[in-house]
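Report on one structure; see the data block that follows.
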Amino acid sequence: MLLTVTDLHKGYASADGQITVLDGVSLSLNAGETLALTGESGSGKSTLLHLIGGLDSADRGQILLDGVDLTALNDADRAALRRGTVGVVFQQFNLIPSLKVADNISFQARLADRHDAAWCAQLANRMGLDAQLDKYPEQLSGGQQQRVALARTLAPRPKLVLADEPTGNLDEETAATVLALMLDLVRDTGAGLLMVTHSQALAGQMQRQIHLRKGRIA
Ligand SMILES: Nc1ncnc2c1ncn2[C@@H]1O[C@H](COP(=O)(O)OP(=O)(O)OP(=O)(O)O)[C@@H](O)[C@H]1O
């Protein structure tokens, strides 16, 4: 099993007292498997993704990623794991404006000390970005920028790809293209994919779906 989440709890202190966001979430994902995570706004989807991605720490419960217990790691070790093993794609493309497309694509892999020029070139080619490599992000369309972000995420060959509404800022047709590319590449690399989406159409293209309601898997 690539990912096993067991009885995960997370809450935040708010002005009205403590709010429970995740109230005992358990799920699992195999390598090569695609899983859609749906749920109403505020149901805790992004929070769950952040915990699995090591961007935040849980109050209680266990996250086993490729045999490593994330909940037992300190911040530095979690960050290292995040750089190499997990790739995250957000709705906002989060590209680095001062870097050319080619350097944006290789950025994460270089940080993780996993840069592979041939693989980056292949990713750019598969994403249809060959003519954009010398440009800056602001010179690209939204769909192109998201393809750069996706290539950057896949460049270190993560075992797990976490995507939070990755096509939420794109029109329907562009979203379908980007999702198809993402599914193709995830399949080819054997990574697992956990994708948050509000779109039933997109969720339907994943192998499995889970629904979060009031901090629990419905
Ligand atoms: N850092 C934080 N501090 C306090 N409350 C937070 C924090 N992050 C999230 N929350 C609260 O946790 C709840 C769940 O938020 P989360 O972003 O996980 O939901 P979501 O299902 O991803 O929603 P959406 O679909 O709108 O993105 C919300 O009520 C939110 O206000």
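Within each chain, counting starts at residue 1; across the structure tokens, chains are named A, B, ... in the order shown, with ligands numbered 1 upward in that order.
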Mind running chain A against ligand 1 at 9 Å and telling me each contacting residue's nearest atom pair with the distance in Å (one decimal), counting only C-alpha atoms and all ligand atoms, chain and number ascending, as CSV?
residue,atom,partner,partner_atom_place_in_ligand_line,distance
A:Lys10,CA,ligand 1,12 (O),8.9
A:Gly11,CA,ligand 1,12 (O),7.5
A:Tyr12,CA,ligand 1,4 (C),4.8
A:Ala13,CA,ligand 1,4 (C),6.3
A:Ser14,CA,ligand 1,4 (C),6.1
A:Ile19,CA,ligand 1,5 (N),7.5
A:Thr20,CA,ligand 1,12 (O),7.7
A:Val21,CA,ligand 1,12 (O),5.2
A:Leu22,CA,ligand 1,14 (C),8.1
A:Thr38,CA,ligand 1,21 (O),8.0
A:Gly39,CA,ligand 1,21 (O),6.1
A:Glu40,CA,ligand 1,25 (O),5.8
A:Ser41,CA,ligand 1,25 (O),3.5
A:Gly42,CA,ligand 1,19 (O),3.5
A:Ser43,CA,ligand 1,21 (O),3.9
A:Gly44,CA,ligand 1,18 (O),3.1
A:Lys45,CA,ligand 1,21 (O),3.8
A:Ser46,CA,ligand 1,22 (O),3.6
A:Thr47,CA,ligand 1,18 (O),3.7
A:Leu48,CA,ligand 1,18 (O),6.5
A:Leu49,CA,ligand 1,18 (O),8.0
A:His50,CA,ligand 1,18 (O),8.4
A:Asp164,CA,ligand 1,22 (O),8.2
A:Glu165,CA,ligand 1,27 (O),8.3
A:Val196,CA,ligand 1,22 (O),8.0
A:Thr197,CA,ligand 1,25 (O),8.0
A:His198,CA,ligand 1,25 (O),7.2
A:Leu212,CA,ligand 1,21 (O),7.8
A:Arg213,CA,ligand 1,21 (O),8.8
A:Lys214,CA,ligand 1,14 (C),8.9
A:Gly215,CA,ligand 1,14 (C),8.2
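With only C-alpha atoms taken into account, the protein and nucleic acid residues at most 6 Å from stretch 102-110 of chain A (excluding it and anything under 6 positions from it in its own chain) are Leu133, Ala151, Arg152, Ala155 and Pro156 of chain A.
Candidate residues A:Leu154, A:Leu35, A:Val186, A:Leu129 were compared for distance to A:Asp116, and the nearest is A:Leu154, using only C-alpha atoms.
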Residues of stretch 15-111 of chain A in strand (DSSP E or B) according to DSSP, as a VMD selection string?
chain A and resid 17 to 29 34 to 39 60 to 65 68 to 69 86 to 89
Could you write out that same residue set with C-alpha atoms as a CSV table (one decimal), in the first residue's frame?
chain,number,residue,atom,x,y,z
A,17,GLY,CA,-13.6,27.9,20.4
A,18,GLN,CA,-12.1,24.7,18.9
A,19,ILE,CA,-13.5,23.5,15.6
A,20,THR,CA,-13.1,20.0,14.5
A,21,VAL,CA,-12.2,19.7,10.8
A,22,LEU,CA,-11.2,16.1,10.4
A,23,ASP,CA,-12.9,13.7,12.8
A,24,GLY,CA,-11.4,10.3,12.3
A,25,VAL,CA,-10.6,10.0,8.6
A,26,SER,CA,-9.3,6.7,7.3
A,27,LEU,CA,-8.4,5.9,3.7
A,28,SER,CA,-5.9,4.0,1.6
A,29,LEU,CA,-4.4,4.3,-1.9
A,34,THR,CA,-6.4,7.2,-8.8
A,35,LEU,CA,-8.8,8.5,-6.1
A,36,ALA,CA,-11.1,11.4,-6.2
A,37,LEU,CA,-11.9,13.3,-3.0
A,38,THR,CA,-15.2,15.2,-3.1
A,39,GLY,CA,-17.2,17.0,-0.4
A,60,ARG,CA,-4.1,12.5,16.2
A,61,GLY,CA,-4.0,9.5,13.9
A,62,GLN,CA,-1.5,8.0,11.5
A,63,ILE,CA,-0.4,8.7,7.9
A,64,LEU,CA,1.8,5.9,6.5
A,65,LEU,CA,3.4,7.0,3.2
A,68,VAL,CA,7.1,6.0,6.6
A,69,ASP,CA,4.9,7.3,9.4
A,86,VAL,CA,5.0,13.7,-2.7
A,87,GLY,CA,4.1,16.1,-5.5
A,88,VAL,CA,1.4,18.7,-5.0
A,89,VAL,CA,-0.6,20.6,-7.6
May I ask for the distance between atom CA of A:Gly67 and atom CA of A:Gly53, given in Å to one decimal place?
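We find that atom CA of A:Gly67 and atom CA of A:Gly53 lie 14.6 Å from each other.
Nearest residue to A:Gly84, choosing from A:Lys100, A:Lys135, A:Arg157, A:Arg126 and counting only C-alpha atoms: A:Arg157.
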Residue list (helix (DSSP H, G or I), DSSP) for chain A, as JSON, numbers by chain:
{"A": [45, 46, 47, 48, 49, 50, 51, 52, 70, 71, 72, 75, 76, 77, 78, 79, 80, 81, 82, 83, 84, 101, 102, 103, 104, 105, 106, 107, 108, 109, 110, 111, 117, 118, 119, 120, 121, 122, 123, 124, 125, 126, 130, 131, 132, 137, 138, 139, 142, 143, 144, 145, 146, 147, 148, 149, 150, 151, 152, 153, 154, 172, 173, 174, 175, 176, 177, 178, 179, 180, 181, 182, 183, 184, 185, 186, 187, 188, 189, 200, 201, 202, 203]}
Can you pull out every residue within 7 Å of stretch 171-182 of chain A, counting only C-alpha atoms, but drop anything in the same chain fewer than 4 positions away, and send it as a count of residues only?
4
Kindly indicate which residue among A:Met1, A:Ala117, A:Ala203, A:Leu162 lies nearest to A:Leu51, using only C-alpha atoms for the distances.
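Once distances to A:Leu51 are computed over only C-alpha atoms, the minimum belongs to A:Leu162.
As for atom CA of A:Arg216 and atom CA of A:His9, they are spaced 9.6 Å apart.
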Distance in Å - atom CA of A:Arg82 versus atom CA of A:Gln145:
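Between these atoms lies a distance of 21.9 Å.
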